[in-house]
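To be precise, the following lines are data25.cif, and they hold mmCIF, C-alpha atoms.
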data_protein
loop_
_atom_site.group_PDB
_atom_site.id
_atom_site.type_symbol
_atom_site.label_atom_id
_atom_site.label_comp_id
_atom_site.auth_asym_id
_atom_site.auth_seq_id
_atom_site.Cartn_x
_atom_site.Cartn_y
_atom_site.Cartn_z
ATOM 1 C CA MET K 1 -33.355 -18.025 -3.755
ATOM 2 C CA GLU K 2 -33.959 -21.688 -4.469
ATOM 3 C CA LEU K 3 -30.881 -23.258 -6.027
ATOM 4 C CA ASN K 4 -31.295 -26.204 -8.329
ATOM 5 C CA GLU K 5 -28.812 -29.006 -8.882
ATOM 6 C CA THR K 6 -27.170 -27.248 -11.848
ATOM 7 C CA ASP K 7 -26.696 -24.080 -9.777
ATOM 8 C CA ARG K 8 -25.120 -26.120 -7.007
ATOM 9 C CA ARG K 9 -22.754 -27.853 -9.418
ATOM 10 C CA LEU K 10 -21.766 -24.507 -10.903
ATOM 11 C CA ILE K 11 -21.077 -23.076 -7.430
ATOM 12 C CA GLY K 12 -19.131 -26.236 -6.544
ATOM 13 C CA ALA K 13 -17.025 -25.981 -9.712
ATOM 14 C CA LEU K 14 -16.201 -22.367 -8.816
ATOM 15 C CA ARG K 15 -14.561 -23.443 -5.537
ATOM 16 C CA ARG K 16 -11.385 -23.828 -7.538
ATOM 17 C CA GLY K 17 -11.880 -20.387 -8.990
ATOM 18 C CA LEU K 18 -12.511 -19.308 -12.527
ATOM 19 C CA PRO K 19 -10.407 -21.000 -15.248
ATOM 20 C CA LEU K 20 -7.694 -18.577 -16.383
ATOM 21 C CA VAL K 21 -8.265 -18.846 -20.133
ATOM 22 C CA GLU K 22 -9.674 -16.599 -22.893
ATOM 23 C CA HIS K 23 -13.186 -17.989 -22.522
ATOM 24 C CA PRO K 24 -13.419 -18.842 -18.811
ATOM 25 C CA TYR K 25 -17.207 -19.209 -18.758
ATOM 26 C CA ALA K 26 -17.126 -21.596 -21.709
ATOM 27 C CA ALA K 27 -14.400 -23.678 -20.004
ATOM 28 C CA LEU K 28 -16.467 -23.827 -16.833
ATOM 29 C CA GLY K 29 -19.552 -24.811 -18.829
ATOM 30 C CA ALA K 30 -17.688 -27.589 -20.625
ATOM 31 C CA GLU K 31 -17.145 -29.313 -17.268
ATOM 32 C CA LEU K 32 -20.825 -29.041 -16.417
ATOM 33 C CA GLY K 33 -22.495 -29.641 -19.762
ATOM 34 C CA LEU K 34 -23.611 -26.004 -20.104
ATOM 35 C CA ASP K 35 -22.832 -23.569 -22.890
ATOM 36 C CA GLU K 36 -21.030 -20.270 -22.333
ATOM 37 C CA GLY K 37 -24.217 -18.178 -22.483
ATOM 38 C CA ALA K 38 -25.954 -20.376 -19.926
ATOM 39 C CA VAL K 39 -23.060 -20.034 -17.459
ATOM 40 C CA ILE K 40 -22.991 -16.250 -17.875
ATOM 41 C CA ALA K 41 -26.779 -16.061 -17.458
ATOM 42 C CA ARG K 42 -26.698 -18.124 -14.257
ATOM 43 C CA LEU K 43 -23.873 -16.042 -12.776
ATOM 44 C CA GLN K 44 -25.705 -12.870 -13.799
ATOM 45 C CA ARG K 45 -28.758 -14.125 -11.926
ATOM 46 C CA PHE K 46 -26.624 -14.902 -8.841
ATOM 47 C CA MET K 47 -25.259 -11.332 -8.972
ATOM 48 C CA GLU K 48 -28.721 -9.805 -9.324
ATOM 49 C CA ARG K 49 -30.072 -11.789 -6.387
ATOM 50 C CA GLY K 50 -27.067 -10.839 -4.270
ATOM 51 C CA LEU K 51 -25.769 -14.408 -3.950
ATOM 52 C CA ILE K 52 -22.374 -13.229 -5.116
ATOM 53 C CA SER K 53 -21.027 -10.591 -2.779
ATOM 54 C CA ARG K 54 -17.926 -9.883 -4.808
ATOM 55 C CA PHE K 55 -16.497 -11.126 -8.083
ATOM 56 C CA GLY K 56 -12.808 -10.662 -8.621
ATOM 57 C CA VAL K 57 -9.608 -11.471 -6.806
ATOM 58 C CA VAL K 58 -8.800 -12.177 -3.196
ATOM 59 C CA VAL K 59 -5.277 -11.067 -2.429
ATOM 60 C CA ASP K 60 -2.921 -12.540 0.101
ATOM 61 C CA HIS K 61 -2.497 -9.277 1.935
ATOM 62 C CA ALA K 62 0.653 -10.503 3.665
ATOM 63 C CA ALA K 63 2.217 -10.982 0.205
ATOM 64 C CA LEU K 64 1.443 -7.328 -0.479
ATOM 65 C CA GLY K 65 3.185 -6.308 2.725
ATOM 66 C CA PHE K 66 0.155 -5.774 4.966
ATOM 67 C CA ASP K 67 1.650 -6.971 8.232
ATOM 68 C CA GLY K 68 0.192 -4.469 10.648
ATOM 69 C CA ASN K 69 -3.418 -5.670 10.583
ATOM 70 C CA ALA K 70 -5.573 -5.265 13.633
ATOM 71 C CA MET K 71 -9.080 -5.746 14.854
ATOM 72 C CA VAL K 72 -9.914 -2.604 16.788
ATOM 73 C CA VAL K 73 -12.860 -2.928 19.144
ATOM 74 C CA TRP K 74 -14.837 -0.223 20.883
ATOM 75 C CA ASP K 75 -17.130 0.072 23.873
ATOM 76 C CA ILE K 76 -19.770 2.589 22.799
ATOM 77 C CA PRO K 77 -23.060 3.270 24.636
ATOM 78 C CA ASP K 78 -25.783 1.289 22.879
ATOM 79 C CA ALA K 79 -27.688 4.485 22.082
ATOM 80 C CA ASP K 80 -24.684 5.866 20.157
ATOM 81 C CA VAL K 81 -23.235 2.776 18.545
ATOM 82 C CA GLU K 82 -25.063 3.067 15.250
ATOM 83 C CA GLY K 83 -23.991 6.678 14.704
ATOM 84 C CA VAL K 84 -20.373 5.918 15.568
ATOM 85 C CA GLY K 85 -20.457 2.768 13.403
ATOM 86 C CA ARG K 86 -21.626 4.788 10.428
ATOM 87 C CA MET K 87 -19.004 7.453 11.048
ATOM 88 C CA PHE K 88 -16.161 4.913 11.351
ATOM 89 C CA ALA K 89 -17.445 3.170 8.222
ATOM 90 C CA GLY K 90 -16.741 6.336 6.255
ATOM 91 C CA LEU K 91 -13.050 6.438 7.175
ATOM 92 C CA SER K 92 -10.733 5.377 4.366
ATOM 93 C CA TRP K 93 -8.553 3.135 6.544
ATOM 94 C CA VAL K 94 -11.455 1.103 7.983
ATOM 95 C CA SER K 95 -12.039 -2.019 5.870
ATOM 96 C CA LEU K 96 -14.789 -3.696 7.920
ATOM 97 C CA CYS K 97 -17.155 -2.279 10.549
ATOM 98 C CA TYR K 98 -19.737 -4.324 12.453
ATOM 99 C CA ARG K 99 -21.834 -4.123 15.584
ATOM 100 C CA ARG K 100 -21.587 -7.299 17.692
ATOM 101 C CA PRO K 101 -22.861 -8.226 21.172
ATOM 102 C CA ARG K 102 -20.911 -7.610 24.366
ATOM 103 C CA ARG K 103 -19.938 -10.721 26.364
ATOM 104 C CA LEU K 104 -19.878 -9.385 29.894
ATOM 105 C CA PRO K 105 -17.991 -9.596 32.143
ATOM 106 C CA HIS K 106 -15.110 -10.670 29.875
ATOM 107 C CA TRP K 107 -15.824 -8.717 26.727
ATOM 108 C CA ARG K 108 -17.258 -5.208 26.889
ATOM 109 C CA TYR K 109 -16.834 -4.183 23.237
ATOM 110 C CA ASN K 110 -19.814 -3.786 20.898
ATOM 111 C CA LEU K 111 -18.305 -2.159 17.800
ATOM 112 C CA PHE K 112 -15.681 -3.965 15.715
ATOM 113 C CA THR K 113 -13.508 -2.331 13.083
ATOM 114 C CA MET K 114 -10.753 -3.876 11.022
ATOM 115 C CA ILE K 115 -7.758 -1.874 9.931
ATOM 116 C CA HIS K 116 -5.381 -3.373 7.387
ATOM 117 C CA ALA K 117 -2.059 -1.630 7.351
ATOM 118 C CA ARG K 118 1.528 -2.248 6.413
ATOM 119 C CA GLN K 119 2.727 -1.137 9.835
ATOM 120 C CA ARG K 120 1.399 -1.305 13.370
ATOM 121 C CA ALA K 121 2.266 2.321 13.975
ATOM 122 C CA PHE K 122 -0.247 3.287 11.290
ATOM 123 C CA VAL K 123 -3.000 1.421 13.146
ATOM 124 C CA GLU K 124 -2.142 3.090 16.447
ATOM 125 C CA ASP K 125 -2.103 6.506 14.810
ATOM 126 C CA ARG K 126 -5.511 5.979 13.157
ATOM 127 C CA VAL K 127 -7.059 4.628 16.353
ATOM 128 C CA GLY K 128 -5.945 7.875 17.974
ATOM 129 C CA VAL K 129 -7.774 9.836 15.276
ATOM 130 C CA MET K 130 -10.914 7.702 15.686
ATOM 131 C CA THR K 131 -10.836 8.198 19.435
ATOM 132 C CA VAL K 132 -10.776 11.952 18.943
ATOM 133 C CA LEU K 133 -13.572 11.824 16.342
ATOM 134 C CA ALA K 134 -15.878 9.840 18.642
ATOM 135 C CA ASP K 135 -14.380 11.195 21.835
ATOM 136 C CA SER K 136 -17.504 11.993 23.798
ATOM 137 C CA VAL K 137 -18.880 8.461 23.553
ATOM 138 C CA VAL K 138 -15.850 6.117 23.492
ATOM 139 C CA GLN K 139 -15.846 4.341 26.866
ATOM 140 C CA ALA K 140 -12.931 2.061 25.992
ATOM 141 C CA SER K 141 -11.174 0.543 23.024
ATOM 142 C CA ALA K 142 -8.627 -2.176 22.402
ATOM 143 C CA ILE K 143 -6.298 -2.949 19.513
ATOM 144 C CA LEU K 144 -5.964 -6.669 18.797
ATOM 145 C CA HIS K 145 -3.013 -6.964 16.451
ATOM 146 C CA THR K 146 -3.021 -10.072 14.313
ATOM 147 C CA THR K 147 0.033 -12.075 15.306
ATOM 148 C CA ARG K 148 -0.453 -15.218 13.193
ATOM 149 C CA ARG K 149 -2.708 -16.307 10.416
ATOM 150 C CA PHE K 150 -3.467 -20.012 10.617
ATOM 151 C CA LYS K 151 -6.088 -20.387 7.995
ATOM 152 C CA GLN K 152 -7.684 -18.329 5.254
ATOM 153 C CA THR K 153 -9.820 -20.346 2.875
ATOM 154 C CA ALA K 154 -13.016 -19.926 0.941
ATOM 155 C CA ALA K 155 -16.186 -21.418 2.375
ATOM 156 C CA CYS K 156 -17.161 -24.748 0.803
ATOM 157 C CA TYR K 157 -20.552 -24.251 -0.807
ATOM 158 C CA GLY K 158 -22.254 -26.114 -3.606
ATOM 159 C CA THR K 159 -21.606 -29.569 -4.919
ATOM 160 C CA ALA K 160 -17.919 -30.287 -5.363
ATOM 161 C CA PRO K 161 -16.989 -31.783 -8.713
ATOM 162 C CA ALA K 162 -15.491 -35.260 -8.428
ATOM 163 C CA ALA K 163 -11.771 -35.422 -7.699
ATOM 164 C CA ALA K 164 -11.400 -31.662 -7.487
ATOM 165 C CA GLY K 165 -9.749 -30.293 -4.374
ATOM 166 C CA GLU K 166 -10.057 -26.824 -2.964
ATOM 167 C CA ALA K 167 -7.340 -24.695 -4.478
ATOM 168 C CA MET R 168 5.612 -8.118 -9.087
ATOM 169 C CA ASP R 169 5.871 -5.014 -11.270
ATOM 170 C CA GLY R 170 3.766 -1.888 -11.708
ATOM 171 C CA THR R 171 1.519 -3.609 -14.259
ATOM 172 C CA ASP R 172 0.818 -6.446 -11.805
ATOM 173 C CA ARG R 173 -0.096 -3.882 -9.176
ATOM 174 C CA ARG R 174 -2.468 -2.055 -11.523
ATOM 175 C CA LEU R 175 -4.027 -5.363 -12.465
ATOM 176 C CA ILE R 176 -4.540 -6.428 -8.830
ATOM 177 C CA ASP R 177 -6.095 -3.066 -7.997
ATOM 178 C CA ARG R 178 -8.441 -3.333 -10.975
ATOM 179 C CA LEU R 179 -9.418 -6.954 -10.312
ATOM 180 C CA GLN R 180 -10.402 -6.180 -6.715
ATOM 181 C CA ASP R 181 -13.131 -3.946 -8.164
ATOM 182 C CA GLY R 182 -14.865 -6.786 -9.934
ATOM 183 C CA PHE R 183 -14.708 -8.959 -13.003
ATOM 184 C CA PRO R 184 -16.913 -8.690 -16.107
ATOM 185 C CA LEU R 185 -19.503 -11.308 -17.029
ATOM 186 C CA ASP R 186 -18.548 -11.109 -20.646
ATOM 187 C CA ASP R 187 -17.556 -13.938 -22.983
ATOM 188 C CA ARG R 188 -13.979 -12.603 -23.097
ATOM 189 C CA PRO R 189 -13.597 -10.938 -19.695
ATOM 190 C CA PHE R 190 -9.797 -10.827 -19.755
ATOM 191 C CA GLN R 191 -9.916 -9.002 -23.064
ATOM 192 C CA ALA R 192 -12.272 -6.430 -21.533
ATOM 193 C CA ILE R 193 -9.900 -5.891 -18.587
ATOM 194 C CA ALA R 194 -6.904 -5.750 -20.949
ATOM 195 C CA ALA R 195 -8.593 -3.087 -23.070
ATOM 196 C CA GLU R 196 -9.295 -0.960 -19.987
ATOM 197 C CA LEU R 197 -5.696 -1.135 -18.837
ATOM 198 C CA GLY R 198 -4.077 -0.873 -22.267
ATOM 199 C CA LEU R 199 -2.637 -4.403 -22.142
ATOM 200 C CA ASP R 200 -2.927 -7.563 -24.246
ATOM 201 C CA GLU R 201 -5.406 -10.270 -23.311
ATOM 202 C CA ASP R 202 -2.660 -12.947 -23.296
ATOM 203 C CA ASP R 203 -0.489 -10.825 -21.036
ATOM 204 C CA VAL R 204 -3.338 -10.321 -18.562
ATOM 205 C CA ILE R 205 -4.085 -14.070 -18.422
ATOM 206 C CA LEU R 206 -0.401 -14.947 -17.945
ATOM 207 C CA ARG R 207 0.017 -12.374 -15.197
ATOM 208 C CA VAL R 208 -3.095 -13.555 -13.332
ATOM 209 C CA ARG R 209 -1.893 -17.169 -13.621
ATOM 210 C CA ARG R 210 1.518 -16.249 -12.257
ATOM 211 C CA LEU R 211 0.066 -14.203 -9.367
ATOM 212 C CA ARG R 212 -2.236 -17.121 -8.583
ATOM 213 C CA GLU R 213 0.605 -19.660 -8.688
ATOM 214 C CA THR R 214 2.901 -17.560 -6.511
ATOM 215 C CA GLY R 215 0.109 -17.064 -3.974
ATOM 216 C CA VAL R 216 -0.259 -13.281 -4.242
ATOM 217 C CA LEU R 217 -3.837 -13.995 -5.287
ATOM 218 C CA THR R 218 -5.426 -16.619 -3.061
ATOM 219 C CA ARG R 219 -8.578 -16.822 -5.115
ATOM 220 C CA PHE R 220 -9.922 -15.715 -8.434
ATOM 221 C CA GLY R 221 -13.645 -15.826 -9.064
ATOM 222 C CA PRO R 222 -16.941 -15.087 -7.327
ATOM 223 C CA LEU R 223 -17.288 -14.963 -3.558
ATOM 224 C CA PHE R 224 -20.688 -16.146 -2.422
ATOM 225 C CA HIS R 225 -22.824 -14.381 0.156
ATOM 226 C CA ALA R 226 -23.203 -17.044 2.837
ATOM 227 C CA GLU R 227 -26.530 -15.958 4.352
ATOM 228 C CA ARG R 228 -28.213 -15.471 0.967
ATOM 229 C CA MET R 229 -27.023 -18.923 -0.091
ATOM 230 C CA GLY R 230 -28.932 -20.366 2.850
ATOM 231 C CA GLY R 231 -25.744 -20.801 4.820
ATOM 232 C CA ALA R 232 -24.284 -18.958 7.782
ATOM 233 C CA LEU R 233 -21.132 -17.194 8.937
ATOM 234 C CA LEU R 234 -20.037 -16.548 12.486
ATOM 235 C CA LEU R 235 -17.065 -14.830 14.077
ATOM 236 C CA ALA R 236 -16.133 -16.467 17.372
ATOM 237 C CA ALA R 237 -13.340 -16.163 19.901
ATOM 238 C CA LEU R 238 -11.518 -18.480 22.268
ATOM 239 C CA LYS R 239 -9.456 -17.682 25.336
ATOM 240 C CA VAL R 240 -6.695 -20.238 24.973
ATOM 241 C CA PRO R 241 -4.151 -20.933 27.729
ATOM 242 C CA PRO R 242 -0.802 -20.057 26.105
ATOM 243 C CA GLU R 243 0.692 -23.499 26.792
ATOM 244 C CA ASP R 244 -2.222 -25.106 24.920
ATOM 245 C CA PHE R 245 -2.182 -22.761 21.983
ATOM 246 C CA GLU R 246 -0.625 -25.029 19.361
ATOM 247 C CA ARG R 247 -2.834 -27.992 20.204
ATOM 248 C CA VAL R 248 -5.998 -25.874 20.133
ATOM 249 C CA ALA R 249 -4.981 -24.202 16.860
ATOM 250 C CA ALA R 250 -4.523 -27.612 15.251
ATOM 251 C CA GLU R 251 -7.924 -28.814 16.508
ATOM 252 C CA VAL R 252 -9.725 -25.674 15.310
ATOM 253 C CA ASN R 253 -7.991 -25.574 11.921
ATOM 254 C CA ALA R 254 -8.847 -29.221 11.300
ATOM 255 C CA LEU R 255 -12.561 -28.435 11.055
ATOM 256 C CA PRO R 256 -13.611 -27.780 7.439
ATOM 257 C CA GLN R 257 -16.212 -25.296 8.710
ATOM 258 C CA VAL R 258 -13.391 -23.020 9.922
ATOM 259 C CA ALA R 259 -12.731 -20.670 7.004
ATOM 260 C CA HIS R 260 -10.378 -18.256 8.773
ATOM 261 C CA ASN R 261 -8.392 -18.418 11.961
ATOM 262 C CA TYR R 262 -6.081 -15.804 13.445
ATOM 263 C CA ALA R 263 -4.043 -15.393 16.601
ATOM 264 C CA ARG R 264 -4.482 -11.956 18.161
ATOM 265 C CA ASP R 265 -2.775 -10.370 21.108
ATOM 266 C CA HIS R 266 -5.468 -10.230 23.788
ATOM 267 C CA ALA R 267 -6.829 -12.573 26.473
ATOM 268 C CA PHE R 268 -9.275 -13.622 23.729
ATOM 269 C CA ASN R 269 -6.330 -14.771 21.654
ATOM 270 C CA MET R 270 -7.844 -16.932 18.922
ATOM 271 C CA TRP R 271 -10.426 -15.593 16.471
ATOM 272 C CA PHE R 272 -12.013 -17.704 13.794
ATOM 273 C CA VAL R 273 -14.813 -17.535 11.254
ATOM 274 C CA LEU R 274 -17.189 -20.448 10.808
ATOM 275 C CA ALA R 275 -18.862 -20.850 7.416
ATOM 276 C CA THR R 276 -21.530 -23.511 7.089
ATOM 277 C CA GLU R 277 -24.059 -24.514 4.463
ATOM 278 C CA THR R 278 -26.954 -24.317 6.918
ATOM 279 C CA PRO R 279 -27.622 -22.152 10.002
ATOM 280 C CA GLU R 280 -27.750 -25.319 12.165
ATOM 281 C CA GLY R 281 -24.225 -26.177 11.013
ATOM 282 C CA ILE R 282 -22.914 -23.301 13.159
ATOM 283 C CA SER R 283 -24.089 -24.752 16.485
ATOM 284 C CA ASP R 284 -22.781 -28.198 15.478
ATOM 285 C CA ALA R 285 -19.365 -26.698 14.721
ATOM 286 C CA ILE R 286 -19.300 -24.791 18.021
ATOM 287 C CA ALA R 287 -20.189 -27.959 19.941
ATOM 288 C CA GLU R 288 -17.473 -29.873 18.098
ATOM 289 C CA ILE R 289 -14.823 -27.236 18.864
ATOM 290 C CA GLU R 290 -15.832 -27.136 22.535
ATOM 291 C CA ARG R 291 -15.706 -30.936 22.709
ATOM 292 C CA ARG R 292 -12.296 -31.156 21.042
ATOM 293 C CA THR R 293 -10.634 -28.273 22.881
ATOM 294 C CA GLY R 294 -12.385 -28.321 26.246
ATOM 295 C CA LEU R 295 -12.743 -24.523 25.967
ATOM 296 C CA THR R 296 -15.789 -22.247 25.770
ATOM 297 C CA VAL R 297 -16.448 -20.720 22.356
ATOM 298 C CA HIS R 298 -17.572 -17.084 22.562
ATOM 299 C CA PRO R 299 -19.821 -16.380 19.575
ATOM 300 C CA MET R 300 -19.698 -12.802 18.277
ATOM 301 C CA PRO R 301 -22.568 -12.695 15.781
ATOM 302 C CA LYS R 302 -23.018 -9.719 13.500
ATOM 303 C CA LEU R 303 -25.832 -7.467 14.769
ATOM 304 C CA ALA R 304 -25.373 -4.729 12.171
ATOM 305 C CA GLU R 305 -23.016 -4.204 9.282
ATOM 306 C CA TYR R 306 -21.909 -0.631 8.676
ATOM 307 C CA PHE R 307 -19.245 -1.274 6.082
ATOM 308 C CA VAL R 308 -17.507 -4.042 4.181
ATOM 309 C CA GLY R 309 -14.898 -2.751 1.791
ATOM 310 C CA LEU R 310 -12.016 -5.125 2.147
ATOM 311 C CA ARG R 311 -9.536 -3.965 -0.446
ATOM 312 C CA PHE R 312 -5.763 -3.714 -0.519
ATOM 313 C CA ALA R 313 -3.829 -1.171 -2.529
ATOM 314 C CA ALA R 314 -1.218 -3.238 -4.361
#

Just dump the structure as structure tokens.
Amino acid sequence: MELNETDRRLIGALRRGLPLVEHPYAALGAELGLDEGAVIARLQRFMERGLISRFGVVVDHAALGFDGNAMVVWDIPDADVEGVGRMFAGLSWVSLCYRRPRRLPHWRYNLFTMIHARQRAFVEDRVGVMTVLADSVVQASAILHTTRRFKQTAACYGTAPAAAGEA
Amino acid sequence: MDGTDRRLIDRLQDGFPLDDRPFQAIAAELGLDEDDVILRVRRLRETGVLTRFGPLFHAERMGGALLLAALKVPPEDFERVAAEVNALPQVAHNYARDHAFNMWFVLATETPEGISDAIAEIERRTGLTVHPMPKLAEYFVGLRFAA
């Protein structure tokens, strides 16, 4: 979708997030010289075209006590990886599931799952269940517990409004 | 954080209405007052429980690109490399993980070419090889945390 300058300014203004007031779309529009209806219509169009993947809150999962997060990676024969990926995707404790390339000889894993948990033991237990579920085709797996989080920011898209920093 | 905050966080992870008074709509659903909802969201935002409130854009559909990549960092160099990687504005996320591939970051750029520039810059600054792990297929994205 071709974005015009107004779209880019709107996206830039949203870097700071939505104003937390009764009429947030009107407040946003006031900064950009648009009325409330025009802001809503543009955002509606972004949603319809799939430019917005999610609209809502991003939580600091550590603040909610999720300290046992892990990336769990799997070595699955290429012929089976799609089926296993779809099966893992249906499990309630899997929050992300992607196929990615192997990097031989150092990295043999081609299926990546993310498990967000409050405790490491939960992750280990669920990986055990997943191993049983996909038993005949799992060649290897590894649990990469997250030990530190250095950075977690939103991507910087659009045209930033003057003198407005990333929140 | 009380039970109402938790209900609110759970609800707001499901999406936010494009309505002229969206907080009123959420308040009505949860049996709360609009003012109370706004104050609670402000407080959760200020205390850092919510890191962001608003739309998240789909990088590829915006013409931009995202890439997960890994580095194998010698432990004695870890702090220096972390500082170099974090300093790049194209690095949206960066985590230490317990594996020989011990640093995992996500690059987010406004153009697809921006990704290779960022990789080259990281390799130049750190002296290490970046291992790109591009997405070949996506089976599920449902990042959500029960508050």

Response to the item:
atom CA of Asp202 of chain R to atom CA of His23 of chain K measures 11.7 Å

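Of the residues under consideration (K:Met130, K:Ala62, K:Met114, K:Val138), K:Val138 shows the shortest atom-to-atom contact distance to Val81 of chain K when counting all atoms listed in the file.
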
Please produce, as CSV, a per-residue contact table for chain K versus chain R (criterion: any atom at most 7 Å away, only C-alpha atoms considered), showing the nearest atom pair and its distance in Å to one decimal, sorted by chain then residue number.
residue,atom,partner,partner_atom,distance
K:Gly17,CA,R:Gly221,CA,4.9
K:Leu18,CA,R:Gly221,CA,5.0
K:Leu20,CA,R:Ile205,CA,6.1
K:Val21,CA,R:Ile205,CA,6.6
K:Glu22,CA,R:Arg188,CA,5.9
K:His23,CA,R:Arg188,CA,5.5
K:Tyr25,CA,R:Asp187,CA,6.8
K:Ile40,CA,R:Leu185,CA,6.1
K:Leu51,CA,R:His225,CA,5.1
K:Ile52,CA,R:Phe224,CA,4.3
K:Ser53,CA,R:His225,CA,5.1
K:Arg54,CA,R:Leu223,CA,5.3
K:Phe55,CA,R:Pro222,CA,4.1
K:Gly56,CA,R:Gly182,CA,4.6
K:Val57,CA,R:Phe220,CA,4.6
K:Val58,CA,R:Arg219,CA,5.0
K:Val59,CA,R:Leu217,CA,4.3
K:Asp60,CA,R:Val216,CA,5.1
K:His61,CA,R:Phe312,CA,6.9
K:Ala63,CA,R:Val216,CA,5.6
K:Leu64,CA,R:Ala314,CA,6.2
K:Gly85,CA,R:Tyr306,CA,6.0
K:Arg86,CA,R:Tyr306,CA,5.7
K:Ala89,CA,R:Phe307,CA,5.3
K:Ser95,CA,R:Leu310,CA,4.8
K:Leu96,CA,R:Val308,CA,4.6
K:Cys97,CA,R:Phe307,CA,5.0
K:Tyr98,CA,R:Glu305,CA,4.6
K:Arg99,CA,R:Ala304,CA,5.0
K:Arg100,CA,R:Lys302,CA,5.0
K:Pro101,CA,R:Met300,CA,6.3
K:Leu144,CA,R:Asp265,CA,5.4
K:His145,CA,R:Arg264,CA,5.5
K:Thr146,CA,R:Arg264,CA,4.5
K:Thr147,CA,R:Arg264,CA,5.3
K:Arg148,CA,R:Ala263,CA,5.0
K:Arg149,CA,R:Tyr262,CA,4.6
K:Phe150,CA,R:Asn261,CA,5.3
K:Lys151,CA,R:His260,CA,4.9
K:Gln152,CA,R:His260,CA,4.4
K:Thr153,CA,R:Ala259,CA,5.1
K:Ala154,CA,R:Ala259,CA,6.1
K:Ala155,CA,R:Ala275,CA,5.7
K:Tyr157,CA,R:Glu277,CA,6.3

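Nearest residue to Glu251 of chain R, choosing from R:Asp169, R:Thr278, R:Gly294, R:Ala236 and counting only C-alpha atoms: R:Gly294.
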
Worksheet, complete the sentence: One decimal place gives the atom CA of Ile282 of chain R-atom CA of Thr296 of chain R separation as 14.5 Å

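Between atom CA of Leu111 of chain K and atom CA of Met71 of chain K the interatomic distance comes to 10.3 Å.
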
Discussion item. Need to verify the contact set: Ala26 of chain K, 9 Å, all atoms listed in the file, exclusion of same-chain residues closer than 5 positions in sequence. Can you return it as a ChimeraX atom specification?
Written reply: /K:31,34-37,39-40 /R:187

Practice prompt. Given the file shown, enumerate the residues that the PyMOL selection byres ((chain K and resi 123) around 12) captures and present them as number ranges by chain.
Written response: K: 66-72, 93-94, 113-122, 124-130, 142-146

Worksheet item: Taking only C-alpha atoms into account, which of R:Ala237, R:Leu295, R:Leu199, R:Ala232 comes nearest Glu280 of chain R?
Response: R:Ala232

Item to complete: Using all atoms listed in the file, find the one residue out of R:Arg210, R:Arg174, R:Lys239, R:Arg247 that sits nearest to Arg292 of chain R.
Response: R:Arg247

Worksheet item: Which of these residues is nearest to Leu14 of chain K, using all atoms listed in the file: K:Arg42, K:Leu28, K:Trp74, K:Leu91?
Response: K:Leu28

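The residue that comes closest to Leu32 of chain K, out of K:Arg9, K:Arg102, K:Arg45, K:Arg108 and on the basis of all atoms listed in the file, is K:Arg9.
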